[in-house]
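Enquirer: As input, take upload32.txt (compact mmCIF, C-alpha atoms and all ligand atoms):
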# COMPACT_ATOMS: atom_id res chain seq x y z
CA MET A 1 61.36 120.08 83.97
CA SER A 2 57.90 118.53 83.99
CA GLY A 3 54.57 119.21 82.35
CA GLY A 4 55.94 121.89 80.04
CA ASP A 5 57.15 124.07 82.94
CA LYS A 6 59.57 126.74 81.86
CA LEU A 7 63.13 126.04 82.96
CA ASP A 8 64.59 128.77 85.18
CA PHE A 9 68.17 129.78 84.47
CA GLU A 10 70.49 130.39 87.37
CA ILE A 11 72.85 133.25 86.51
CA ARG A 12 76.41 133.01 87.87
CA PRO A 13 78.22 136.11 86.67
CA ASN A 14 81.86 135.75 85.70
CA PRO A 15 83.89 137.30 88.57
CA ARG A 16 86.73 138.03 86.13
CA PRO A 17 85.21 139.21 82.84
CA VAL A 18 87.55 140.47 80.14
CA ALA A 19 88.18 144.18 80.76
CA ALA A 20 86.26 146.52 78.45
CA ALA A 21 89.39 147.93 76.81
CA GLU A 22 90.77 144.46 76.11
CA ARG A 23 87.40 143.32 74.78
CA GLU A 24 87.28 146.27 72.38
CA ALA A 25 90.78 145.38 71.17
CA LEU A 26 89.70 141.77 70.56
CA LEU A 27 86.53 142.88 68.78
CA ALA A 28 88.54 145.07 66.41
CA ASN A 29 89.95 141.98 64.72
CA PRO A 30 88.18 138.86 65.97
CA GLY A 31 88.90 136.40 63.12
CA PHE A 32 86.61 133.36 63.16
CA GLY A 33 86.02 131.03 66.14
CA ARG A 34 89.12 131.91 68.13
CA ILE A 35 87.81 134.18 70.87
CA PHE A 36 84.89 133.56 73.18
CA THR A 37 82.66 135.65 75.42
CA ASP A 38 82.68 135.75 79.25
CA HIS A 39 79.85 133.25 79.75
CA LEU A 40 78.27 130.04 78.50
CA VAL A 41 74.98 128.25 79.04
CA ALA A 42 74.86 124.70 80.39
CA ILE A 43 71.74 122.54 80.85
CA ARG A 44 71.70 118.91 81.92
CA TRP A 45 69.42 116.02 81.05
CA ALA A 46 69.10 112.68 82.80
CA GLU A 47 66.81 109.77 82.18
CA GLY A 48 63.84 109.87 84.55
CA LYS A 49 64.57 113.48 85.41
CA GLY A 50 64.41 115.38 82.12
CA TRP A 51 66.08 118.77 81.64
CA TYR A 52 67.41 120.42 84.80
CA ASP A 53 70.14 122.66 86.20
CA ALA A 54 70.00 125.41 83.54
CA ARG A 55 72.77 127.90 84.13
CA VAL A 56 74.53 130.88 82.68
CA GLU A 57 78.04 130.59 84.08
CA PRO A 58 81.60 131.77 83.45
CA TYR A 59 83.14 130.49 80.20
CA GLY A 60 85.75 127.86 80.97
CA PRO A 61 87.00 124.30 80.43
CA ILE A 62 84.80 121.24 80.96
CA GLN A 63 86.15 118.37 83.03
CA LEU A 64 85.43 114.99 81.42
CA ASP A 65 85.84 111.52 82.82
CA PRO A 66 87.91 109.51 80.29
CA ALA A 67 84.99 107.07 79.98
CA THR A 68 82.48 109.78 79.00
CA ALA A 69 80.39 108.24 76.21
CA VAL A 70 80.89 111.04 73.64
CA LEU A 71 84.66 110.46 73.60
CA HIS A 72 84.11 106.90 72.39
CA TYR A 73 80.97 106.77 70.28
CA ALA A 74 80.59 110.40 69.16
CA GLN A 75 76.98 111.00 70.21
CA GLU A 76 77.19 114.75 69.61
CA ILE A 77 75.24 117.39 67.67
CA PHE A 78 75.57 121.14 67.16
CA GLU A 79 74.08 124.24 65.56
CA GLY A 80 75.46 127.51 64.23
CA LEU A 81 73.71 130.87 63.98
CA LYS A 82 74.58 134.54 64.29
CA ALA A 83 73.42 137.49 66.39
CA TYR A 84 73.71 140.89 64.72
CA ALA A 85 73.90 144.39 66.17
CA ALA A 86 70.95 146.35 64.79
CA ASP A 87 71.47 149.97 63.74
CA ASP A 88 69.29 151.12 66.68
CA GLY A 89 71.62 149.50 69.23
CA GLY A 90 69.51 146.34 69.66
CA VAL A 91 70.46 142.75 68.89
CA VAL A 92 68.68 140.45 66.43
CA LEU A 93 68.83 136.80 65.40
CA PHE A 94 68.01 135.30 62.00
CA ARG A 95 65.40 132.49 62.02
CA PRO A 96 66.51 130.98 65.38
CA GLU A 97 63.32 128.87 65.54
CA ALA A 98 64.60 127.02 62.47
CA ASN A 99 67.86 126.21 64.30
CA ALA A 100 65.85 125.11 67.36
CA ALA A 101 63.77 122.74 65.22
CA ARG A 102 66.80 121.37 63.39
CA PHE A 103 68.65 120.82 66.70
CA ALA A 104 65.72 118.75 67.97
CA ALA A 105 65.62 116.80 64.69
CA SER A 106 69.37 116.12 64.88
CA ALA A 107 68.92 114.91 68.48
CA ARG A 108 66.20 112.44 67.43
CA ARG A 109 68.39 111.05 64.63
CA MET A 110 71.25 110.52 67.07
CA ALA A 111 68.93 108.92 69.68
CA MET A 112 69.52 111.84 72.07
CA ALA A 113 67.03 113.69 74.25
CA PRO A 114 65.63 116.59 72.16
CA LEU A 115 65.96 119.95 73.89
CA PRO A 116 62.56 121.73 73.89
CA GLU A 117 62.67 124.39 71.18
CA SER A 118 61.53 127.09 73.64
CA THR A 119 64.45 126.22 75.96
CA PHE A 120 66.88 126.43 73.03
CA LEU A 121 65.55 129.93 72.25
CA ASP A 122 65.64 130.95 75.93
CA SER A 123 69.29 129.90 76.13
CA LEU A 124 70.16 132.21 73.23
CA HIS A 125 68.39 135.12 74.91
CA LYS A 126 70.05 134.53 78.30
CA LEU A 127 73.56 134.37 76.90
CA ILE A 128 73.13 137.39 74.63
CA GLU A 129 71.71 139.40 77.55
CA VAL A 130 74.76 138.81 79.77
CA ASP A 131 77.31 139.05 76.96
CA ARG A 132 75.72 141.80 74.88
CA GLY A 133 78.95 143.81 75.04
CA TRP A 134 80.53 141.11 72.85
CA VAL A 135 78.23 141.60 69.85
CA PRO A 136 80.44 143.30 67.24
CA THR A 137 79.02 146.56 65.96
CA ALA A 138 81.46 146.85 63.06
CA ASP A 139 80.05 146.38 59.58
CA GLU A 140 79.90 142.66 58.68
CA GLY A 141 80.77 141.56 62.22
CA SER A 142 78.48 139.28 64.21
CA LEU A 143 78.33 137.11 67.31
CA TYR A 144 78.49 133.48 66.17
CA LEU A 145 76.44 131.25 68.48
CA ARG A 146 77.35 127.60 68.87
CA PRO A 147 74.78 125.44 70.66
CA PHE A 148 75.91 121.83 71.08
CA MET A 149 75.04 118.74 73.06
CA TYR A 150 76.85 115.54 73.89
CA ALA A 151 76.46 112.22 75.68
CA SER A 152 77.87 112.97 79.14
CA GLU A 153 77.18 109.62 80.74
CA VAL A 154 80.27 107.81 82.05
CA PHE A 155 79.83 104.35 80.56
CA LEU A 156 81.51 102.33 77.81
CA GLY A 157 78.40 100.42 76.70
CA VAL A 158 77.10 101.03 73.18
CA LYS A 159 73.60 102.44 73.70
CA PRO A 160 71.92 105.85 73.76
CA ALA A 161 73.32 107.64 76.80
CA SER A 162 71.17 108.25 79.86
CA GLU A 163 72.73 111.69 80.45
CA TYR A 164 73.36 114.64 78.13
CA LEU A 165 74.88 118.07 78.51
CA TYR A 166 73.62 120.94 76.35
CA MET A 167 75.90 123.95 76.07
CA LEU A 168 75.88 127.25 74.27
CA ILE A 169 79.03 129.25 73.63
CA ALA A 170 79.47 132.46 71.63
CA SER A 171 82.32 133.80 69.51
CA PRO A 172 82.52 137.29 68.02
CA VAL A 173 83.49 137.03 64.35
CA GLY A 174 84.59 139.43 61.65
CA PRO A 175 83.64 139.34 57.98
CA TYR A 176 84.08 135.91 56.41
CA PHE A 177 85.71 137.45 53.36
CA THR A 178 88.25 140.11 54.16
CA GLY A 179 88.80 142.36 51.18
CA GLY A 180 85.55 141.54 49.38
CA VAL A 181 83.75 138.40 48.26
CA LYS A 182 86.03 136.12 46.20
CA PRO A 183 84.89 133.11 44.18
CA VAL A 184 86.17 129.78 45.47
CA THR A 185 87.45 126.74 43.60
CA VAL A 186 85.96 123.40 44.57
CA TRP A 187 87.32 119.86 44.33
CA VAL A 188 84.80 117.20 43.28
CA SER A 189 85.77 114.15 45.28
CA ASP A 190 85.61 110.75 43.69
CA ASP A 191 87.35 108.99 46.55
CA TYR A 192 85.02 109.98 49.38
CA THR A 193 81.33 110.50 50.06
CA ARG A 194 79.80 112.48 52.92
CA ALA A 195 76.54 110.73 53.66
CA ALA A 196 74.63 107.69 52.44
CA PRO A 197 70.85 107.11 52.37
CA GLY A 198 69.79 106.02 55.82
CA GLY A 199 72.92 107.60 57.33
CA THR A 200 73.35 110.81 59.30
CA GLY A 201 73.69 113.34 56.45
CA GLU A 202 70.53 115.19 57.51
CA ALA A 203 71.73 115.60 61.11
CA LYS A 204 74.16 118.32 62.16
CA CYS A 205 76.49 115.98 64.03
CA GLY A 206 80.21 116.27 64.61
CA GLY A 207 80.80 112.84 63.11
CA ASN A 208 79.81 114.06 59.63
CA TYR A 209 82.56 116.65 59.85
CA ALA A 210 85.14 114.17 61.14
CA ALA A 211 84.36 112.01 58.09
CA SER A 212 84.71 114.95 55.69
CA LEU A 213 88.12 116.21 56.82
CA VAL A 214 90.22 113.83 54.72
CA ALA A 215 88.27 114.87 51.61
CA GLN A 216 88.72 118.53 52.51
CA ALA A 217 92.47 117.92 52.89
CA GLU A 218 92.46 116.29 49.45
CA ALA A 219 90.73 119.39 48.05
CA ILE A 220 93.44 121.62 49.54
CA SER A 221 96.18 119.38 48.13
CA HIS A 222 94.66 119.95 44.67
CA GLY A 223 94.78 123.70 45.15
CA CYS A 224 91.06 123.98 45.91
CA ASP A 225 89.27 125.77 48.75
CA GLN A 226 86.43 123.34 49.45
CA VAL A 227 85.27 119.83 48.60
CA VAL A 228 82.04 118.96 46.76
CA PHE A 229 80.54 115.58 47.58
CA LEU A 230 78.66 113.42 45.09
CA ASP A 231 75.90 111.05 46.20
CA ALA A 232 77.05 107.81 47.81
CA VAL A 233 74.89 105.46 45.68
CA HIS A 234 75.52 106.48 42.07
CA ARG A 235 78.57 108.69 42.64
CA ARG A 236 77.00 111.01 40.06
CA TYR A 237 74.69 113.53 41.69
CA VAL A 238 75.89 116.63 43.52
CA ASP A 239 75.03 116.52 47.25
CA GLU A 240 76.71 119.53 48.84
CA LEU A 241 80.01 120.90 50.15
CA GLY A 242 81.51 119.88 53.52
CA GLY A 243 79.44 122.50 55.33
CA MET A 244 77.47 124.42 52.69
CA ASN A 245 74.63 123.73 50.27
CA VAL A 246 74.96 124.46 46.55
CA PHE A 247 72.91 126.29 43.88
CA PHE A 248 73.14 126.54 40.09
CA VAL A 249 71.91 129.61 38.16
CA TYR A 250 70.94 129.18 34.50
CA ASP A 251 70.82 131.68 31.63
CA ASP A 252 67.01 131.96 31.86
CA GLY A 253 67.34 133.09 35.49
CA THR A 254 66.22 129.76 36.95
CA LEU A 255 67.87 128.44 40.12
CA VAL A 256 68.42 124.74 40.66
CA THR A 257 69.53 123.13 43.93
CA PRO A 258 69.90 119.45 44.85
CA GLU A 259 66.70 118.16 46.44
CA LEU A 260 66.79 117.14 50.11
CA SER A 261 67.26 113.45 49.62
CA GLY A 262 68.03 112.48 53.20
CA SER A 263 71.79 112.74 52.74
CA ILE A 264 71.89 116.56 52.46
CA LEU A 265 71.88 118.88 55.46
CA PRO A 266 68.75 121.08 55.23
CA GLY A 267 70.44 124.49 55.41
CA ILE A 268 68.49 127.45 56.71
CA THR A 269 70.38 129.69 54.28
CA ARG A 270 69.38 127.27 51.48
CA ASP A 271 65.74 127.54 52.49
CA SER A 272 65.99 131.35 52.75
CA VAL A 273 67.56 131.60 49.28
CA ILE A 274 64.77 129.49 47.79
CA THR A 275 62.12 131.69 49.44
CA LEU A 276 63.82 134.98 48.46
CA ALA A 277 64.41 133.94 44.84
CA ARG A 278 60.79 132.79 44.43
CA HIS A 279 59.61 136.05 45.97
CA GLN A 280 61.56 137.84 43.20
CA GLY A 281 59.61 135.85 40.65
CA ARG A 282 62.40 133.41 39.83
CA THR A 283 61.80 129.73 39.20
CA VAL A 284 63.60 127.56 41.76
CA VAL A 285 63.77 123.83 41.14
CA GLU A 286 64.83 121.27 43.73
CA ARG A 287 66.02 118.16 41.89
CA GLN A 288 69.00 115.91 41.36
CA VAL A 289 71.86 117.55 39.46
CA SER A 290 74.54 115.26 38.07
CA PHE A 291 78.14 116.34 37.83
CA ASP A 292 77.99 115.41 34.09
CA GLU A 293 75.19 117.95 33.71
CA TRP A 294 77.23 120.60 35.57
CA ARG A 295 80.15 120.02 33.18
CA ALA A 296 78.00 120.02 30.04
CA ASP A 297 76.06 123.16 31.03
CA ALA A 298 79.23 125.02 32.01
CA ALA A 299 80.74 124.10 28.62
CA SER A 300 77.65 125.20 26.65
CA GLY A 301 77.38 128.46 28.60
CA ARG A 302 73.83 127.72 29.76
CA LEU A 303 75.08 127.59 33.35
CA ARG A 304 75.82 131.18 34.38
CA GLU A 305 76.59 130.98 38.11
CA VAL A 306 77.18 128.47 40.88
CA PHE A 307 77.23 129.36 44.56
CA ALA A 308 77.52 127.71 47.96
CA CYS A 309 75.55 128.93 50.99
CA GLY A 310 75.54 128.60 54.76
CA THR A 311 75.41 130.75 57.90
CA ALA A 312 79.15 131.41 58.13
CA ALA A 313 79.81 132.74 54.60
CA VAL A 314 76.16 133.53 53.58
CA LEU A 315 76.55 133.10 49.78
CA THR A 316 79.92 132.24 48.23
CA PRO A 317 80.43 132.20 44.44
CA ILE A 318 82.01 129.05 43.02
CA GLY A 319 84.15 130.09 40.08
CA GLN A 320 85.87 126.83 39.21
CA ALA A 321 85.57 123.11 39.81
CA ARG A 322 88.35 120.53 39.53
CA TRP A 323 88.20 116.76 39.52
CA SER A 324 90.58 113.91 38.80
CA GLY A 325 89.94 114.28 35.05
CA GLY A 326 90.09 118.03 34.52
CA GLU A 327 88.63 121.38 35.47
CA LEU A 328 85.87 123.76 34.46
CA THR A 329 85.21 127.47 34.86
CA VAL A 330 81.68 128.76 35.39
CA ALA A 331 81.07 131.62 32.91
CA ASP A 332 84.02 134.04 33.39
CA GLY A 333 84.86 132.64 36.83
CA GLY A 334 83.91 135.86 38.62
CA PRO A 335 81.12 136.50 41.15
CA GLY A 336 77.75 136.44 39.35
CA GLU A 337 75.07 139.10 39.51
CA VAL A 338 72.33 136.80 40.78
CA THR A 339 74.60 135.40 43.51
CA MET A 340 75.74 138.82 44.66
CA GLY A 341 72.22 140.26 44.51
CA LEU A 342 70.74 137.48 46.64
CA ARG A 343 73.66 137.74 49.02
CA GLN A 344 73.13 141.47 49.53
CA GLN A 345 69.38 141.05 50.04
CA LEU A 346 69.86 138.35 52.62
CA VAL A 347 72.53 140.32 54.49
CA ASP A 348 70.30 143.43 54.49
CA ILE A 349 67.36 141.47 55.97
CA GLN A 350 69.63 139.78 58.55
CA ARG A 351 70.94 143.14 59.73
CA GLY A 352 67.56 144.81 59.81
CA ARG A 353 68.45 147.16 56.93
CA ALA A 354 65.73 145.89 54.60
CA ALA A 355 62.08 144.97 54.99
CA ASP A 356 61.52 141.51 56.44
CA PRO A 357 58.49 140.19 54.52
CA PHE A 358 58.90 136.65 55.85
CA GLY A 359 59.22 137.44 59.58
CA TRP A 360 62.74 136.02 59.74
CA VAL A 361 64.30 138.56 62.07
CA HIS A 362 63.91 137.79 65.75
CA ARG A 363 64.53 140.62 68.19
CA VAL A 364 66.53 139.73 71.31
CA LEU A 365 67.33 143.14 72.81
C1 LIG A 401 75.31 123.75 58.76
C2 LIG A 401 75.48 123.11 57.43
C3 LIG A 401 75.02 123.71 56.24
C4 LIG A 401 74.44 125.09 56.19
O1 LIG A 401 73.32 125.27 57.01
P1 LIG A 401 72.86 126.75 57.41
O2 LIG A 401 71.65 126.50 58.25
O3 LIG A 401 72.52 127.44 56.14
O4 LIG A 401 73.98 127.38 58.13
C5 LIG A 401 75.15 123.00 55.07
N1 LIG A 401 75.74 121.79 55.02
C6 LIG A 401 76.20 121.20 56.14
C7 LIG A 401 76.84 119.86 56.03
C8 LIG A 401 76.08 121.84 57.37
O5 LIG A 401 76.55 121.23 58.47
Is it possible to express this structure as structure tokens?
Ligand SMILES: *Cc1c(COP(=O)(O)O)cnc(C)c1O
Expert:
Amino acid sequence: MSGGDKLDFEIRPNPRPVAAAEREALLANPGFGRIFTDHLVAIRWAEGKGWYDARVEPYGPIQLDPATAVLHYAQEIFEGLKAYAADDGGVVLFRPEANAARFAASARRMAMAPLPESTFLDSLHKLIEVDRGWVPTADEGSLYLRPFMYASEVFLGVKPASEYLYMLIASPVGPYFTGGVKPVTVWVSDDYTRAAPGGTGEAKCGGNYAASLVAQAEAISHGCDQVVFLDAVHRRYVDELGGMNVFFVYDDGTLVTPELSGSILPGITRDSVITLARHQGRTVVERQVSFDEWRADAASGRLREVFACGTAAVLTPIGQARWSGGELTVADGGPGEVTMGLRQQLVDIQRGRAADPFGWVHRVL
């Protein structure tokens, strides 16, 4: 692609798509991230050539040379967003331009070729058009979209690759919480950190997740659902969970969330919550929050609610926190009113059931 020309997508329809009856059966109980649609998008980049060979093609395995750079040095980034069936039969996305911008920012941090934001958005449209029959229409269902990109050059040298492959796959998903929203218990890790200043915490790269898995396993071994990471320098301030940002709600209705320090992933749900809460007239403060403060304010009762947020679960109440020295319960440990109210408002906007004063909903079909 040169001079800002629009990339044309070649469409290669899947000769053996999943039969409609089987697809309906799969959509009735999709789970999360286990079933995939009939097609994917692939676009290649090479040094001196730019982006080329954009395709919608049958979903299937990728063949990789054992010396492909990503397998050795983990130059890989991804995104996650959802397409929703609108009540009028159309399909909508929530703030996809924000995912496009973050994907480009992640690419720059990982010394990869940034995909033009318009091409990222086009890829979402193309895949949803061919696989529209896979967008769940059941309440709370959605089509989870997973754009990703990796160093596809075959070379063992340590340097930014000269070839990349961008792909987009899609997975129909059911409700994150089956049987209603339940508060989670978090483990505050003092053995591990997620991201240090100057590191890759701001980028959505697979490596951050690889590094967090041992801490997540530790959380599970302590009977917790998720891990909370403290900052890598002082080991005092709350950063975020393994894949979700965190908010604190005080008795005066104020919301506090850790400021984006460079080691926190700038969540689009986080940004949407800040905007929505301010729109309701609430005070939202972005600042450092120490774990000592969390404990003291939970004990005094000033802290009324804590929640985590991200695309997959939207807003999740945090009822309890455990650490090596003890545990705390936030208020009565149940889902809070502010958390559940913001959650409902966000879900209603995402599904086109409420007014969209911020222009967040992007029509695809
Ligand atoms: C993706 C992600 C989030 C949430 O981002 P959303 O845009 O709200 O989905 C938070 N933390 C980490 C580490 C993430 O990778």
Enquirer: Give as a short mmCIF file (atom, residue, chain, number, x, y, z; two decimals) with C-alpha atoms, in the frame of the given file each residue that has an atom at most 9 Å from (62.4, 137.0, 33.4) in the file, counting only C-alpha atoms.
Expert:
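Final file, selection08.cif:
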data_model
loop_
_atom_site.label_atom_id
_atom_site.label_comp_id
_atom_site.auth_asym_id
_atom_site.auth_seq_id
_atom_site.Cartn_x
_atom_site.Cartn_y
_atom_site.Cartn_z
CA ASP A 252 67.01 131.96 31.86
CA GLY A 253 67.34 133.09 35.49
CA THR A 254 66.22 129.76 36.95
CA GLY A 281 59.61 135.85 40.65
CA ARG A 282 62.40 133.41 39.83
#
Enquirer: Produce as an mmCIF file with C-alpha atoms, keeping the file's coordinate frame the set of residues near ligand LIG 401 (chain A), where near means within 9 Å with only C-alpha atoms and all ligand atoms considered.
Expert:
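Once everything was written out, this is result-v1.cif:
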data_model
loop_
_atom_site.group_PDB
_atom_site.id
_atom_site.type_symbol
_atom_site.label_atom_id
_atom_site.label_comp_id
_atom_site.auth_asym_id
_atom_site.auth_seq_id
_atom_site.Cartn_x
_atom_site.Cartn_y
_atom_site.Cartn_z
ATOM 1 C CA PHE A 78 75.570 121.140 67.160
ATOM 2 C CA GLU A 79 74.080 124.240 65.560
ATOM 3 C CA GLY A 80 75.460 127.510 64.230
ATOM 4 C CA LEU A 81 73.710 130.870 63.980
ATOM 5 C CA ALA A 98 64.600 127.020 62.470
ATOM 6 C CA ASN A 99 67.860 126.210 64.300
ATOM 7 C CA ARG A 102 66.800 121.370 63.390
ATOM 8 C CA ARG A 194 79.800 112.480 52.920
ATOM 9 C CA GLY A 201 73.690 113.340 56.450
ATOM 10 C CA GLU A 202 70.530 115.190 57.510
ATOM 11 C CA ALA A 203 71.730 115.600 61.110
ATOM 12 C CA LYS A 204 74.160 118.320 62.160
ATOM 13 C CA CYS A 205 76.490 115.980 64.030
ATOM 14 C CA GLY A 206 80.210 116.270 64.610
ATOM 15 C CA ASN A 208 79.810 114.060 59.630
ATOM 16 C CA TYR A 209 82.560 116.650 59.850
ATOM 17 C CA GLU A 240 76.710 119.530 48.840
ATOM 18 C CA LEU A 241 80.010 120.900 50.150
ATOM 19 C CA GLY A 242 81.510 119.880 53.520
ATOM 20 C CA GLY A 243 79.440 122.500 55.330
ATOM 21 C CA MET A 244 77.470 124.420 52.690
ATOM 22 C CA ASN A 245 74.630 123.730 50.270
ATOM 23 C CA VAL A 246 74.960 124.460 46.550
ATOM 24 C CA ILE A 264 71.890 116.560 52.460
ATOM 25 C CA LEU A 265 71.880 118.880 55.460
ATOM 26 C CA PRO A 266 68.750 121.080 55.230
ATOM 27 C CA GLY A 267 70.440 124.490 55.410
ATOM 28 C CA ILE A 268 68.490 127.450 56.710
ATOM 29 C CA THR A 269 70.380 129.690 54.280
ATOM 30 C CA ARG A 270 69.380 127.270 51.480
ATOM 31 C CA ASP A 271 65.740 127.540 52.490
ATOM 32 C CA SER A 272 65.990 131.350 52.750
ATOM 33 C CA ALA A 308 77.520 127.710 47.960
ATOM 34 C CA CYS A 309 75.550 128.930 50.990
ATOM 35 C CA GLY A 310 75.540 128.600 54.760
ATOM 36 C CA THR A 311 75.410 130.750 57.900
ATOM 37 C CA ALA A 312 79.150 131.410 58.130
ATOM 38 C CA ALA A 313 79.810 132.740 54.600
ATOM 39 C CA VAL A 314 76.160 133.530 53.580
#
Enquirer: Would you mind listing what lies within 6 Å of range 147-156 of chain A as a short mmCIF file (atom, residue, chain, number, x, y, z; two decimals) with C-alpha atoms, in the coordinates of the input, with all atoms listed in the file counted and same-chain residues fewer than 2 positions away left out?
Expert:
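Output contents, as saved in selection00.cif:
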data_model
loop_
_atom_site.label_atom_id
_atom_site.label_comp_id
_atom_site.auth_asym_id
_atom_site.auth_seq_id
_atom_site.Cartn_x
_atom_site.Cartn_y
_atom_site.Cartn_z
CA ALA A 67 84.99 107.07 79.98
CA THR A 68 82.48 109.78 79.00
CA ALA A 69 80.39 108.24 76.21
CA VAL A 70 80.89 111.04 73.64
CA GLN A 75 76.98 111.00 70.21
CA GLU A 76 77.19 114.75 69.61
CA ILE A 77 75.24 117.39 67.67
CA PHE A 78 75.57 121.14 67.16
CA GLU A 79 74.08 124.24 65.56
CA ALA A 161 73.32 107.64 76.80
CA GLU A 163 72.73 111.69 80.45
CA TYR A 164 73.36 114.64 78.13
CA LEU A 165 74.88 118.07 78.51
CA TYR A 166 73.62 120.94 76.35
CA MET A 167 75.90 123.95 76.07
CA LEU A 168 75.88 127.25 74.27
#
Enquirer: Under the rule that all atoms listed in the file are counted, which of A:Gly199, A:Thr185, A:Arg322, A:Val56 is the nearest residue to Ser106 in chain A?
Expert: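 Between A:Gly199, A:Thr185, A:Arg322, A:Val56, the residue approaching Ser106 in chain A most closely is A:Gly199.
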Enquirer: Just how far from CA of Val181 in chain A is CA of Leu255 in chain A, in Å to one decimal?
Expert: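 These atoms are spaced 20.4 Å apart.
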Enquirer: Nearest to Glu10 in chain A among A:Ser290, A:Gln345, A:Ser300, A:Ser123, with distances taken over only C-alpha atoms: which residue is it?
Expert: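 Under the stated criterion, the closest residue is A:Ser123.
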Enquirer: Out of A:Ile349, A:Arg109, A:Arg23, A:Ile43, which residue has the shortest atom-to-atom distance to Arg132 in chain A when counting all atoms listed in the file?
Expert: A:Arg23
Enquirer: Which one of A:Glu140, A:Trp294, A:Gly319, A:Val361 sits closest to Gly179 in chain A if you count only C-alpha atoms?
Expert: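 Looking at the shortest contact to Gly179 in chain A, the residue is A:Glu140.
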Enquirer: For each of A:Glu24, A:Asp251, A:Asp8, A:Asp65, take the minimum atom-to-atom distance to Gly133 in chain A, counting all atoms listed in the file, then give the residue where this is smallest.
Expert: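 Checking each candidate against Gly133 in chain A, we get A:Glu24 as the closest.
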Enquirer: Mind pulling up the distance from CA of Gly33 in chain A to CA of Arg351 in chain A?
Expert: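 It comes out at 20.4 Å.
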Enquirer: Which value, in Å to one decimal, gives the distance between CA of Gly301 in chain A and CA of Thr275 in chain A?
Expert: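 Rounded to one decimal, the two atoms are 26.0 Å apart.
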Enquirer: With all atoms listed in the file as the atoms that count, which of A:Ala299, A:Ala331, A:Met112, A:Ile128 lies nearest to Val91 in chain A?
Expert: A:Ile128
Enquirer: So which residues fall inside 12 Å of (63.7, 122.2, 40.5) if we count all atoms listed in the file? Mind giving them as a CSV table (one decimal) with C-alpha atoms, keeping the file's coordinate frame?
Expert:
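part_32.csv, freshly written:
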chain,number,residue,atom,x,y,z
A,247,PHE,CA,72.9,126.3,43.9
A,248,PHE,CA,73.1,126.5,40.1
A,249,VAL,CA,71.9,129.6,38.2
A,250,TYR,CA,70.9,129.2,34.5
A,254,THR,CA,66.2,129.8,37.0
A,255,LEU,CA,67.9,128.4,40.1
A,256,VAL,CA,68.4,124.7,40.7
A,257,THR,CA,69.5,123.1,43.9
A,258,PRO,CA,69.9,119.4,44.8
A,259,GLU,CA,66.7,118.2,46.4
A,260,LEU,CA,66.8,117.1,50.1
A,274,ILE,CA,64.8,129.5,47.8
A,278,ARG,CA,60.8,132.8,44.4
A,282,ARG,CA,62.4,133.4,39.8
A,283,THR,CA,61.8,129.7,39.2
A,284,VAL,CA,63.6,127.6,41.8
A,285,VAL,CA,63.8,123.8,41.1
A,286,GLU,CA,64.8,121.3,43.7
A,287,ARG,CA,66.0,118.2,41.9
A,288,GLN,CA,69.0,115.9,41.4
A,289,VAL,CA,71.9,117.6,39.5
